[in-house]
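Right, one structure below, let's go through it.
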Amino acid sequence: MMKEERYFYVPDALSVHELPPEEATHALRVLRLKQGDEMMLQDGEGSFYRAVVSQSDSKHCRYDILETLPQQRSWRGHLHLAIAPTKMMERMEWLVEKATEIGFDELSLLDCRFSERRMVKTPRLEKIVVSAMKQSRKAWKPVVNEMQHFDSFVAQHKDGARFIAHCYEEVERTDLFRQLQELNSQHPSSVTVMIGPEGDFSVDEVRSAVQQGFVSVHLGSSRLRTETAGLAAVMMMQLAQ
């Protein structure tokens, strides 16, 4: 029986020639790799590498690269999800894992008026992203940004189309998926979608974002939890390609 390929995340894989400490521990103590064993490396920037263990000891796993395998993205443009974290971080961690498996490029965390959580340990989310990237065989690692205030986020210049999803009927909204389909029928584009906290954005926040150039949208007729809405937005960005 053919052995399953083992994938490891190694930033700058072409130049370092050694697994990072955490990856080395997994390779040596869990998988028990030894000199001569083959493995696959991911640099998180679009390439896989077929490599072989050249030297190992209790803490270090060095390798030689046998082949560079540039990958093609399965989606177009730059997919950016900006979301207010939930009070229960397990739900946000689930979202980050699943969104990475589906495929997107960037995650921003928002501190909004009705936010239930105003601090997030991004290193924990980074670990989840790396694990999901390896499991789903993704060549690109999503960027995880530190939390920032809503006002500063909407004021920043961002290329491409920008959307804010909310539930207020008094603010005119269009369907996000239709907007994305029309956008992608023209040319590949960068897309940013904002998702609010469980209590939604405030209506003033929505209006402020619209004034800054964001398009007011909804995700359909159902009222969704924050993490469900975030995953739905990532799926729509993918499916509208």
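Numbering starts fresh at 1 for the residues of each chain in the structure tokens, the chains themselves are lettered A, B, ... in the order given, and ligands are numbered from 1 as they appear.
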
| Selection near segment 107-111 of chain A, 8 Å with only C-alpha atoms, sequence-local residues under 2 positions removed, as number ranges by chain | A: 80-85, 105, 113, 115, 117-118, 142-150, 153

Tell me which protein, DNA and RNA residues are within 8 Å of segment 129-140 of chain A, counting only C-alpha atoms, leaving out same-chain ones fewer than 5 positions away, and put them as a PDB file with C-alpha atoms, in the first residue's frame.
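Just written: result30.pdb:
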```pdb
ATOM      1  CA  TYR A   7       2.791  17.667   4.367  1.00  0.00           C
ATOM      2  CA  PHE A   8       4.708  20.225   6.420  1.00  0.00           C
ATOM      3  CA  TYR A   9       4.466  24.013   6.483  1.00  0.00           C
ATOM      4  CA  GLN A  42       4.260  23.908   1.666  1.00  0.00           C
ATOM      5  CA  ASP A  43       5.680  27.419   1.730  1.00  0.00           C
ATOM      6  CA  GLY A  44       2.273  29.125   2.018  1.00  0.00           C
ATOM      7  CA  GLU A  45       3.104  31.317  -0.979  1.00  0.00           C
ATOM      8  CA  GLY A  46       2.046  29.084  -3.857  1.00  0.00           C
ATOM      9  CA  SER A  47       4.509  26.197  -4.073  1.00  0.00           C
ATOM     10  CA  PHE A  48       4.841  22.612  -2.890  1.00  0.00           C
ATOM     11  CA  GLN A  71       0.601  25.432  -7.822  1.00  0.00           C
ATOM     12  CA  ARG A  73      -4.974  28.911  -7.331  1.00  0.00           C
ATOM     13  CA  VAL A  96     -11.220  29.815  10.445  1.00  0.00           C
ATOM     14  CA  GLU A  97     -10.569  26.101   9.946  1.00  0.00           C
ATOM     15  CA  LYS A  98     -13.414  25.581   7.466  1.00  0.00           C
ATOM     16  CA  THR A 100      -9.125  27.798   5.113  1.00  0.00           C
ATOM     17  CA  GLU A 101     -10.173  24.387   3.806  1.00  0.00           C
ATOM     18  CA  GLY A 103      -9.881  28.644   0.340  1.00  0.00           C
ATOM     19  CA  ASP A 105      -6.645  34.850   1.266  1.00  0.00           C
TER      20      ASP A 105
END
```

Practice item. Find the residues around Met237 of chain A up to 10 Å (only C-alpha atoms counted), leave out those fewer than 3 positions away in its own chain, and share them as a ChimeraX atom specification. Key: /A:75-81,103-104,176-177,180-181,184,191-193,231-234,240-241

request  = Mind checking which residues fall within 6 Å of Leu19 of chain A, counting only C-alpha atoms, ignoring those fewer than 2 positions away in the same chain, and posting them as a ChimeraX atom specification?
outcome  = /A:23-24,61

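Considering the residues A:Lys121, A:Arg62, A:His218, A:Arg223 and counting only C-alpha atoms, Phe163 of chain A has its shortest atom-to-atom contact with A:His218.
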
- Message: as a ChimeraX atom specification, please: every residue in segment 22-190 of chain A that a backbone DSSP assignment puts in strand (DSSP E).
- Response: /A:38-42,47-56,61-70,79-83,106-111,143-144,148-149,161-165,174-175

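Near Val217 of chain A, within 9 Å and counting only C-alpha atoms, sit Phe163, Ile164, Ala165, His166, Cys167, Glu172, Arg173, Thr174, Asp175, Leu176 and Gln179 of chain A, not including residues fewer than 5 positions from it in the same chain.
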
I'd like to know which residues of segment 23-231 of chain A are alpha helix (DSSP H) (by DSSP, run on the backbone); could you write them as an NGL selection string? :A and (23-25 or 89-102 or 122-135 or 150-155 or 176-186 or 203-211 or 226-231)

Selected residues written out with C-alpha atoms, as a short mmCIF file (atom, residue, chain, number, x, y, z; two decimals), in the first residue's frame:
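Writing the result to result-v1.cif gives the following:
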```
data_model
loop_
_atom_site.label_atom_id
_atom_site.label_comp_id
_atom_site.auth_asym_id
_atom_site.auth_seq_id
_atom_site.Cartn_x
_atom_site.Cartn_y
_atom_site.Cartn_z
CA GLU A 23 6.93 20.62 12.48
CA ALA A 24 10.17 18.80 13.29
CA THR A 25 8.68 17.47 16.53
CA MET A 89 -13.80 31.43 20.45
CA GLU A 90 -14.51 27.79 19.57
CA ARG A 91 -17.02 29.02 17.02
CA MET A 92 -14.54 31.45 15.48
CA GLU A 93 -11.86 28.74 15.39
CA TRP A 94 -14.30 26.45 13.57
CA LEU A 95 -14.93 29.20 11.00
CA VAL A 96 -11.22 29.82 10.45
CA GLU A 97 -10.57 26.10 9.95
CA LYS A 98 -13.41 25.58 7.47
CA ALA A 99 -12.77 28.81 5.54
CA THR A 100 -9.13 27.80 5.11
CA GLU A 101 -10.17 24.39 3.81
CA ILE A 102 -12.48 26.06 1.27
CA THR A 122 -4.09 35.51 16.84
CA PRO A 123 -1.23 32.97 17.32
CA ARG A 124 -3.90 30.37 18.17
CA LEU A 125 -5.78 31.19 14.95
CA GLU A 126 -2.51 31.04 13.02
CA LYS A 127 -1.97 27.46 14.23
CA ILE A 128 -5.48 26.50 13.15
CA VAL A 129 -4.90 28.06 9.72
CA VAL A 130 -1.65 26.12 9.25
CA SER A 131 -3.25 22.84 10.33
CA ALA A 132 -6.21 23.34 7.96
CA MET A 133 -3.89 24.42 5.14
CA LYS A 134 -1.91 21.18 5.48
CA GLN A 135 -5.01 19.00 5.82
CA PHE A 150 -14.39 49.10 12.82
CA ASP A 151 -13.82 52.78 12.00
CA SER A 152 -10.14 52.33 11.16
CA PHE A 153 -10.88 49.28 9.00
CA VAL A 154 -13.52 50.94 6.81
CA ALA A 155 -11.36 54.05 6.44
CA LEU A 176 -24.21 39.42 -2.17
CA PHE A 177 -24.05 36.37 -4.42
CA ARG A 178 -25.60 38.21 -7.37
CA GLN A 179 -23.22 41.09 -6.83
CA LEU A 180 -20.26 38.71 -6.84
CA GLN A 181 -21.47 36.94 -9.98
CA GLU A 182 -21.79 40.23 -11.84
CA LEU A 183 -18.38 41.31 -10.59
CA ASN A 184 -16.62 38.12 -11.66
CA SER A 185 -18.31 38.04 -15.07
CA GLN A 186 -16.29 41.17 -15.86
CA VAL A 203 -27.03 50.99 11.80
CA ASP A 204 -24.61 53.92 12.11
CA GLU A 205 -21.71 51.58 11.34
CA VAL A 206 -23.49 50.31 8.23
CA ARG A 207 -24.14 53.83 7.01
CA SER A 208 -20.55 54.83 7.75
CA ALA A 209 -19.23 51.90 5.71
CA VAL A 210 -21.54 52.76 2.81
CA GLN A 211 -20.25 56.34 2.88
CA THR A 226 -21.84 35.13 12.86
CA GLU A 227 -19.64 32.14 12.06
CA THR A 228 -22.25 30.70 9.67
CA ALA A 229 -22.51 34.03 7.89
CA GLY A 230 -18.72 34.20 7.61
CA LEU A 231 -18.48 30.76 6.08
#
```

So the first atom is atom CA of Pro197 of chain A and the second is atom CA of Gln238 of chain A; what is the distance between them in Å, to one decimal place?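 Separating atom CA of Pro197 of chain A from atom CA of Gln238 of chain A is a distance of 22.6 Å.
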
Could you give me, as a VMD selection string, the residues within 7 Å of Phe114 of chain A, counting only C-alpha atoms and dropping anything in the same chain fewer than 4 positions from it?
chain A and resid 197 199 to 201

Residue selection dump (C-alpha atoms) as a PDB file, in the first residue's frame:
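The new file part-v9.pdb reads:
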```
ATOM      1  CA  PRO A 197     -21.157  40.381  15.560  1.00  0.00           C
ATOM      2  CA  GLY A 199     -25.977  41.697  17.517  1.00  0.00           C
ATOM      3  CA  ASP A 200     -25.112  42.866  13.986  1.00  0.00           C
ATOM      4  CA  PHE A 201     -23.307  46.062  13.116  1.00  0.00           C
TER       5      PHE A 201
END
```
